[in-house]
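Trainee: Quick one: the structure is below, and I'll ask about it shortly.
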Amino acid sequence: MIPRDGFSADLFANPIERLVAIMARLRDPELGCPWDVKQDFASIAPYTIEEAYEVAEACQANDLPALRDELGDLLLQVVFHARMAEEIGAFALPDVAAAISDKMIRRHPHVFGDDPREAGHAQWEVIKAAERAAKPEDPSALAGVAIALPALMRAEKLQKRAARTGFDWPDPAGARDKIVEELAEVDAAASDEERAEEIGDLLFAVVNWARKHGVDPEAALRNANAKFEGRFRMMEEIAGDAFAGLPLDQKEELWHEAKRR
């Protein structure tokens, strides 16, 4: 048992070993943190997703000090999951590292194999498809697209998987026509429930159109959010405390002023 003050960096062979030991202590039923001890895979998963988004935010801002910190937070999530799995005898962090190492070598025969001429990304997709087909529990081309992904990202992945089977519009025009069709169905909806369903279909069609233009819909919407937020904050700054009480036409004028700035 490592004493309470036995976690200084100079006592471990490397930082990963130290982090693993820290997590083991945090999860110790007697000596650990009560919050950490009571967690399970399901309760930690939302934090894992949140940390991945914070990594993406640091990347978008090109903030390397923040990226270092956020990658540390994300790594902690991996160590946390691996520790919980180790406690029930499923696997440990070295098994995670070994599995991903094996997968990278298997999926890059053009780098690690005998024939460097094998196609790169195309070969990667062929190998991934073969791996999915080898899993008898779900042979679908759509197998393995995580349900927990953001909806826009998952829609794009589902569409890409379907496209590999030939189920796809031949050009962006077909995808655009589908948007027009879905808009009409939203207008024709007879109930709130039906309208919500049709708006979902509309969003799915917009993702498809974006994909056909080579646009990442998740990134595009993230950028649109940032643009809206920047302009709205500028409106508030221009108007000051009076902003909330202004009529809509004056707020529209402020919006155009913010765009000009």
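By convention in this document, the chains of the structure tokens carry letters A, B, ... by their order, each chain's residues are numbered from 1, and ligands are numbered from 1 in the order they are shown.
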Excluding Val180 of chain A and residues on its chain fewer than 5 positions from it, collect all residues at most 12 Å away from it, counting only C-alpha atoms, and give them as a list in words.

Mentor: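 Residues meeting the cut-off are Ala173, Gly174, Ala175, Glu185, Val186, Asp187, Glu198, Ile199, Asp201, Leu202, Leu203, Ala205, Val206 and Trp209 of chain A.
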
Trainee: Any idea what's packed within 8 Å of segment 149-158 of chain A, counting only C-alpha atoms, ignoring anything in its chain fewer than 3 positions away? Could you give it as JSON, numbers by chain?

Mentor: {"A": [142, 145, 146, 161, 162, 204, 207, 208, 211, 217, 218]}

Trainee: Give me the residues near Phe41 of chain A as a list in words, where near means some atom within 7 Å (using only C-alpha atoms) and where sequence neighbours in that chain fewer than 3 positions away do not count.

Mentor: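 Counting only the stated atoms, we get Ile44, Ala45 and His81 of chain A.
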
Trainee: Could those residues be written to a file, using N, CA and C atoms, as a compact mmCIF listing (two decimals), in the first residue's frame?

Mentor:
```
# COMPACT_ATOMS: atom_id res chain seq x y z
N ILE A 44 -19.61 7.80 -15.31
CA ILE A 44 -18.41 8.51 -15.76
C ILE A 44 -18.48 8.88 -17.24
N ALA A 45 -19.25 8.13 -18.03
CA ALA A 45 -19.29 8.35 -19.47
C ALA A 45 -19.61 9.80 -19.86
N HIS A 81 -11.78 4.64 -16.49
CA HIS A 81 -12.51 3.49 -17.04
C HIS A 81 -11.68 2.21 -16.93
```

Trainee: Just list the residues in segment 101-189 of chain A DSSP gives helix (DSSP H, G or I) on the backbone, as an MDAnalysis selection string.

Mentor: chainID A and resid 101:107 109:112 121:133 151:164 172:187

Trainee: For a quick check of understanding, using only C-alpha atoms, which of A:Phe12, A:Ala90, A:Leu26, A:Ala52 has the smallest distance to Asp69 of chain A?

Mentor: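 Among the listed residues, A:Ala52 lies closest to Asp69 of chain A.
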
Trainee: Which residues, written as a ChimeraX atom specification, have at least one atom at most 10 Å from segment 82-88 of chain A, with only C-alpha atoms counted and residues fewer than 2 positions away on the same chain left out?

Mentor: /A:20-21,23-24,27,37,39-41,76-80,90-96

Trainee: Between atom CA of Ile49 of chain A and atom CA of Ile147 of chain A, what distance in Å does the model show, to one decimal?

Mentor: 12.3 Å

Trainee: I'd like the neighbourhood of segment 233-244 of chain A as a compact mmCIF listing (two decimals) with N, CA and C atoms, in the first residue's frame, where a residue qualifies if any of its atoms comes within 6 Å (using only C-alpha atoms), though same-chain residues fewer than 2 positions away should be ignored.

Mentor:
```txt
# COMPACT_ATOMS: atom_id res chain seq x y z
N GLY A 230 -20.79 35.74 -30.88
CA GLY A 230 -19.98 36.95 -30.98
C GLY A 230 -20.80 38.17 -31.38
N ARG A 231 -21.69 37.99 -32.34
CA ARG A 231 -22.51 39.12 -32.80
C ARG A 231 -23.53 39.53 -31.74
N LEU A 246 -35.36 46.92 -25.83
CA LEU A 246 -35.49 47.51 -27.16
C LEU A 246 -36.50 46.73 -28.01
N LEU A 254 -29.19 46.68 -34.58
CA LEU A 254 -27.97 46.37 -33.84
C LEU A 254 -27.28 45.12 -34.39
N ALA A 258 -23.52 44.94 -35.65
CA ALA A 258 -22.55 43.97 -35.15
C ALA A 258 -21.89 43.23 -36.31
```

Trainee: Distance atom CA of Arg107 of chain A-atom CA of Ile127 of chain A, one decimal place?

Mentor: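 These two atoms are separated by 6.2 Å.
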
Trainee: Need to verify the contact set: Arg25 of chain A, 10 Å, only C-alpha atoms, exclusion of same-chain residues closer than 4 positions in sequence. Can you return it as a JSON list (two decimals) with all heavy atoms, in the first residue's frame?

Mentor:
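Below is the file part_11.json, written as the result:
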```json
[["chain", "number", "residue", "atom", "x", "y", "z"],
["A", 1, "MET", "N", 0.84, -1.20, 0.00],
["A", 1, "MET", "CA", 0.00, 0.00, 0.00],
["A", 1, "MET", "C", 0.88, 1.25, 0.00],
["A", 1, "MET", "O", 1.79, 1.37, 0.82],
["A", 1, "MET", "CB", -0.91, 0.00, 1.23],
["A", 1, "MET", "CG", -1.85, 1.19, 1.31],
["A", 1, "MET", "SD", -3.10, 1.16, -0.02],
["A", 1, "MET", "CE", -4.04, -0.29, 0.45],
["A", 2, "ILE", "N", 0.64, 2.15, -0.92],
["A", 2, "ILE", "CA", 1.42, 3.39, -1.00],
["A", 2, "ILE", "C", 0.95, 4.34, 0.08],
["A", 2, "ILE", "O", -0.25, 4.58, 0.23],
["A", 2, "ILE", "CB", 1.27, 4.04, -2.38],
["A", 2, "ILE", "CG1", 1.72, 3.07, -3.47],
["A", 2, "ILE", "CG2", 2.06, 5.33, -2.46],
["A", 2, "ILE", "CD1", 1.48, 3.57, -4.87],
["A", 3, "PRO", "N", 1.87, 4.91, 0.89],
["A", 3, "PRO", "CA", 1.45, 5.86, 1.92],
["A", 3, "PRO", "C", 0.84, 7.11, 1.30],
["A", 3, "PRO", "O", 1.05, 7.39, 0.11],
["A", 3, "PRO", "CB", 2.76, 6.18, 2.65],
["A", 3, "PRO", "CG", 3.84, 5.85, 1.68],
["A", 3, "PRO", "CD", 3.32, 4.70, 0.88],
["A", 4, "ARG", "N", 0.11, 7.86, 2.11],
["A", 4, "ARG", "CA", -0.61, 9.03, 1.62],
["A", 4, "ARG", "C", 0.31, 10.02, 0.91],
["A", 4, "ARG", "O", -0.08, 10.66, -0.07],
["A", 4, "ARG", "CB", -1.31, 9.72, 2.80],
["A", 4, "ARG", "CG", -2.19, 10.89, 2.41],
["A", 4, "ARG", "CD", -2.88, 11.47, 3.62],
["A", 4, "ARG", "NE", -3.78, 10.51, 4.24],
["A", 4, "ARG", "CZ", -5.04, 10.34, 3.87],
["A", 4, "ARG", "NH1", -5.56, 11.05, 2.87],
["A", 4, "ARG", "NH2", -5.81, 9.46, 4.47],
["A", 7, "PHE", "N", 3.17, 9.82, -3.49],
["A", 7, "PHE", "CA", 2.80, 9.97, -4.90],
["A", 7, "PHE", "C", 3.61, 11.05, -5.62],
["A", 7, "PHE", "O", 3.20, 11.53, -6.67],
["A", 7, "PHE", "CB", 1.30, 10.26, -5.02],
["A", 7, "PHE", "CG", 0.44, 9.09, -4.64],
["A", 7, "PHE", "CD1", 0.02, 8.92, -3.33],
["A", 7, "PHE", "CD2", 0.09, 8.13, -5.58],
["A", 7, "PHE", "CE1", -0.75, 7.83, -2.97],
["A", 7, "PHE", "CE2", -0.69, 7.04, -5.23],
["A", 7, "PHE", "CZ", -1.11, 6.88, -3.92],
["A", 19, "LEU", "N", 0.05, 8.22, -12.63],
["A", 19, "LEU", "CA", -1.37, 8.50, -12.79],
["A", 19, "LEU", "C", -2.20, 7.25, -12.49],
["A", 19, "LEU", "O", -3.25, 7.34, -11.83],
["A", 19, "LEU", "CB", -1.65, 8.99, -14.21],
["A", 19, "LEU", "CG", -3.11, 9.33, -14.55],
["A", 19, "LEU", "CD1", -3.66, 10.40, -13.60],
["A", 19, "LEU", "CD2", -3.22, 9.79, -15.99],
["A", 20, "VAL", "N", -1.75, 6.10, -12.93],
["A", 20, "VAL", "CA", -2.45, 4.84, -12.66],
["A", 20, "VAL", "C", -2.51, 4.59, -11.15],
["A", 20, "VAL", "O", -3.55, 4.18, -10.61],
["A", 20, "VAL", "CB", -1.77, 3.67, -13.39],
["A", 20, "VAL", "CG1", -2.32, 2.33, -12.92],
["A", 20, "VAL", "CG2", -1.96, 3.82, -14.90],
["A", 21, "ALA", "N", -1.39, 4.85, -10.45],
["A", 21, "ALA", "CA", -1.36, 4.65, -9.00],
["A", 21, "ALA", "C", -2.29, 5.63, -8.28],
["A", 21, "ALA", "O", -2.95, 5.27, -7.30],
["A", 21, "ALA", "CB", 0.07, 4.81, -8.49],
["A", 29, "PRO", "N", -11.56, 1.45, -1.69],
["A", 29, "PRO", "CA", -12.78, 1.55, -0.88],
["A", 29, "PRO", "C", -12.57, 2.12, 0.51],
["A", 29, "PRO", "O", -13.49, 2.70, 1.09],
["A", 29, "PRO", "CB", -13.25, 0.08, -0.80],
["A", 29, "PRO", "CG", -12.63, -0.59, -1.97],
["A", 29, "PRO", "CD", -11.31, 0.10, -2.19],
["A", 30, "GLU", "N", -11.37, 1.95, 1.06],
["A", 30, "GLU", "CA", -11.10, 2.43, 2.42],
["A", 30, "GLU", "C", -10.37, 3.76, 2.44],
["A", 30, "GLU", "O", -10.67, 4.63, 3.27],
["A", 30, "GLU", "CB", -10.28, 1.39, 3.19],
["A", 30, "GLU", "CG", -11.02, 0.08, 3.41],
["A", 30, "GLU", "CD", -10.21, -0.92, 4.21],
["A", 30, "GLU", "OE1", -9.08, -0.57, 4.63],
["A", 30, "GLU", "OE2", -10.68, -2.05, 4.41],
["A", 31, "LEU", "N", -9.40, 3.95, 1.54],
["A", 31, "LEU", "CA", -8.55, 5.13, 1.59],
["A", 31, "LEU", "C", -8.87, 6.15, 0.50],
["A", 31, "LEU", "O", -8.30, 7.24, 0.51],
["A", 31, "LEU", "CB", -7.07, 4.71, 1.47],
["A", 31, "LEU", "CG", -6.56, 3.74, 2.53],
["A", 31, "LEU", "CD1", -5.14, 3.32, 2.20],
["A", 31, "LEU", "CD2", -6.63, 4.37, 3.91],
["A", 32, "GLY", "N", -9.74, 5.80, -0.42],
["A", 32, "GLY", "CA", -9.98, 6.65, -1.56],
["A", 32, "GLY", "C", -10.98, 7.76, -1.33],
["A", 32, "GLY", "O", -11.42, 8.02, -0.20],
["A", 33, "CYS", "N", -11.35, 8.42, -2.43],
["A", 33, "CYS", "CA", -12.33, 9.51, -2.41],
["A", 33, "CYS", "C", -13.73, 8.90, -2.53],
["A", 33, "CYS", "O", -13.99, 8.14, -3.48],
["A", 33, "CYS", "CB", -12.06, 10.46, -3.56],
["A", 33, "CYS", "SG", -13.37, 11.67, -3.85],
["A", 36, "ASP", "N", -15.24, 9.23, -6.08],
["A", 36, "ASP", "CA", -14.61, 8.37, -7.09],
["A", 36, "ASP", "C", -14.99, 6.91, -6.88],
["A", 36, "ASP", "O", -15.21, 6.17, -7.85],
["A", 36, "ASP", "CB", -13.09, 8.53, -7.05],
["A", 36, "ASP", "CG", -12.63, 9.89, -7.54],
["A", 36, "ASP", "OD1", -12.52, 10.08, -8.75],
["A", 36, "ASP", "OD2", -12.41, 10.78, -6.70],
["A", 37, "VAL", "N", -15.06, 6.49, -5.63],
["A", 37, "VAL", "CA", -15.35, 5.09, -5.32],
["A", 37, "VAL", "C", -16.75, 4.69, -5.80],
["A", 37, "VAL", "O", -16.95, 3.57, -6.28],
["A", 37, "VAL", "CB", -15.20, 4.83, -3.81],
["A", 37, "VAL", "CG1", -15.72, 3.45, -3.44],
["A", 37, "VAL", "CG2", -13.74, 4.98, -3.39]]
```

Trainee: For the atom pair atom CA of Ala226 of chain A and atom CA of Lys251 of chain A, what is the interatomic distance in Å to one decimal place?

Mentor: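 Between these atoms lies a distance of 18.9 Å.
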
Trainee: Could you check the closest approach to Glu57 of chain A for each of A:Gln159, A:Glu70, A:Glu182, A:Gly245 and tell me which residue wins, using only C-alpha atoms?

Mentor: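 Checking each candidate against Glu57 of chain A, we get A:Glu70 as the closest.
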